[in-house]
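Below is one structure; the comments refer to it alone.
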Amino acid sequence: MPTFDTSTPAVLVRLDRNPFHHGTLGAVRSLGRAGIEVHAVVESRRSPVVRSRHLRGAHPRPPGETDLAGVRRLLLSVSDHVGRPAVLVPLDDVSAIAAGRLRDGLAGRYLLPDQPSGLAERVADKAELVAVCEALGVPHPRTALPGSAAQAAAAARALGLPAVAKWSRPWLIPEGSGLRSTCLVRTAREARDLYARGAEAGSRLLLQEFLPPGRGLDWFFHGYAGRDASCPLGATGRKERSWPVDAGLTAVGRWLPNPAVESAARRLVAALGYRGILDLDFRLDPGTGAYHLLDFNPRPGAQFRLFTDRSGLDVVRALHLDLTGRRVPAQTPAYGRSFVVENYALLSLAASLAAPGRRRAGAPAPGAPPAARPRTEAAWFAADDPGPAAAMAAAWTLHAARRVLPGVRAAGAPAARTGAPAAAVPRPARDDDPVATAS
């Protein structure tokens with residue numbers, strides 16, 4: 001394991017209200033096990049993350065403190081409590097963008113990557129990302145940016161129905177609005193009606209060609225670009241299971257080589273001059289063999305612990321090493337390693353069994369894992385830190401009884417009849433619904 005500066009603490013910040021965000025727990029454990037003092041901004045003191053033995057301080061987010069001024073007050077308050085400069089680790093797009101905007105005002109309090117001004121916001125903006133991909137020749141789904149409700153309806157028809165609808169700046173969607181960052185529209189009228197809610201959403205509506213999902217078609221790249229412009233950490237993984245099925249977050253992932261995805265990701269990072277942690281999502285179009293970039297997240301993906309190499313290095317640890325002046329060693333791949341998010345993996349399995357006709361054969365991995373069985377890491381359970389898993393299980397049981405299980409029962413039949421993915425099943429999205437908000 002590399003040698004860390006354990007005199008410099010870390011502050012994790014996440015501003016959404018999802019109590020089941022396993023990426024936060026992964027970051028707490030990763031840094032805490034390295035002997036680093038870890039503080040975290042959490043949604044409440046009832047969060048399962050608070051039960052981790054590796055967390056030194058939990059700082060609940062005051063209600064409404066999500067605007068820039070509120071985030072600044074929050075971060076300065078946490079800094080006062082910590083009492084010395086700390087490495088700041090944003091864990092969602094809102095906090096990553098806020099950290100970039102507040103960089104100068106946080107100087108002397110927090111250590112941050114030397115990111116080009118506004119770049120985190122640019123790549124997180126779905127409309128801007130389209131322009132970036134076009135300029136750099138990175139495959140991306142065909143996209144329309146309608147300027148009226150009539151244009152939205154026409155664009156949906158031209159792209160082919162169903163079409164994917166996205167709000168360009170999803171972090172601006174107000175809590176409790178019922179709007180989702182991404183959804184499917186099956187008719188031109190649905191596209192027209194969704195466009196009419198643009199003022200409420202706070203950003204432009206994009207319509208994209210729907211690339212049908214399938215097992216083995218969804219890939220992701222996690223990396224860290226350092227202060228010396230190198231990218232010592234960069235790895236590709238395949239989504240084996242997701243929740244919602246075929247269209248959601250990673251429930252089971254596997255570390256596998258994919259030279260095409262890795263090459264595209266590294267080229268993109270170098271061209272943009274990006275610094276810090278990144279998480280990119282790709283989908284393979286079997287008809288063309290092209291991997292299309294779907295999202296660029298300027299922060300760790302929730303499943304970042306999948307890419308823990310043989311020396312224990314991951315992107316969060318790389319960030320702390322780099323910002324404290326330590327050398328970030330080259331990554332030693334652990335191909336075949338798996339990561340399982342227990343609660344979502346069970347839901348994905350249940351929904352798949354309810355609609356077996358939805359399962360489609362995907363493309364084989366470009367490279368084969370080693371013959372020996374590699375390690376599988378669980379998102380919640382850890383023998384050295386059992387508290388969070390117990391707290392999550394209790395909270396999840398209550399949540400599932402109230403809201404999730406009815407969605408699992410509904411997820412199969414409509415999709416089996418229409419061929420639509422599970423994400424297209426109508427379901428009310430709430431700001432505190434982990435199914436709708438987890439990354």
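Just so we're on the same page: first chain in the structure tokens is A, next is B, and so on; residues restart at 1 for each chain, and ligands are numbered from 1 in the order they show up.
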
Applying 10 Å and only C-alpha atoms, which residues near Ser148 of chain A remain after dropping the ones on its own chain fewer than 3 positions away? List them as a PyMOL selection string. chain A and resi 145+151-154+192+195-196+205

Tell me which protein, DNA and RNA residues are within 9 Å of Val316 of chain A, counting only C-alpha atoms, leaving out same-chain ones fewer than 4 positions away, and put them as a list in words.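 Selected residues are Ala27, Ser30, Leu31, Val89, Tyr224, Ile277, Pro300, Phe304, Arg305, His320 and Leu321 of chain A.
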
For Glu240 of chain A: contacts at 10 Å, only C-alpha atoms, fewer than 2 positions along chain excluded, given as a PyMOL selection string: chain A and resi 214-219+237-238+242+246+250-254+338-340+345

Contacts of Asp125 of chain A at 6 Å or less, counting only C-alpha atoms, minus same-chain residues fewer than 3 places along, as a VMD selection string? chain A and resid 122 128 168 to 169

How would the residues just chosen look if you wrote them out with C-alpha atoms as a compact mmCIF listing (two decimals), in the first residue's frame?
```txt
# COMPACT_ATOMS: atom_id res chain seq x y z
CA ARG A 122 -19.36 21.75 -18.76
CA GLU A 128 -22.41 20.68 -23.56
CA SER A 168 -29.27 19.17 -19.72
CA ARG A 169 -28.51 20.28 -16.15
```

Identify which of the residues A:Gly301, A:Pro244, A:Gly64, A:Gly160 lies closest to Thr24 of chain A, counting only C-alpha atoms when measuring atom-to-atom distances.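 Selected residue with least distance to Thr24 of chain A: A:Gly301.
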
May I have all residues of segment 56-270 of chain A that DSSP, computed from the backbone, assigns to helix (DSSP H, G or I), given as a ChimeraX atom specification? /A:68-82,93-101,104-106,119-124,126-136,149-159,170-172,188-195,198-201,259-270
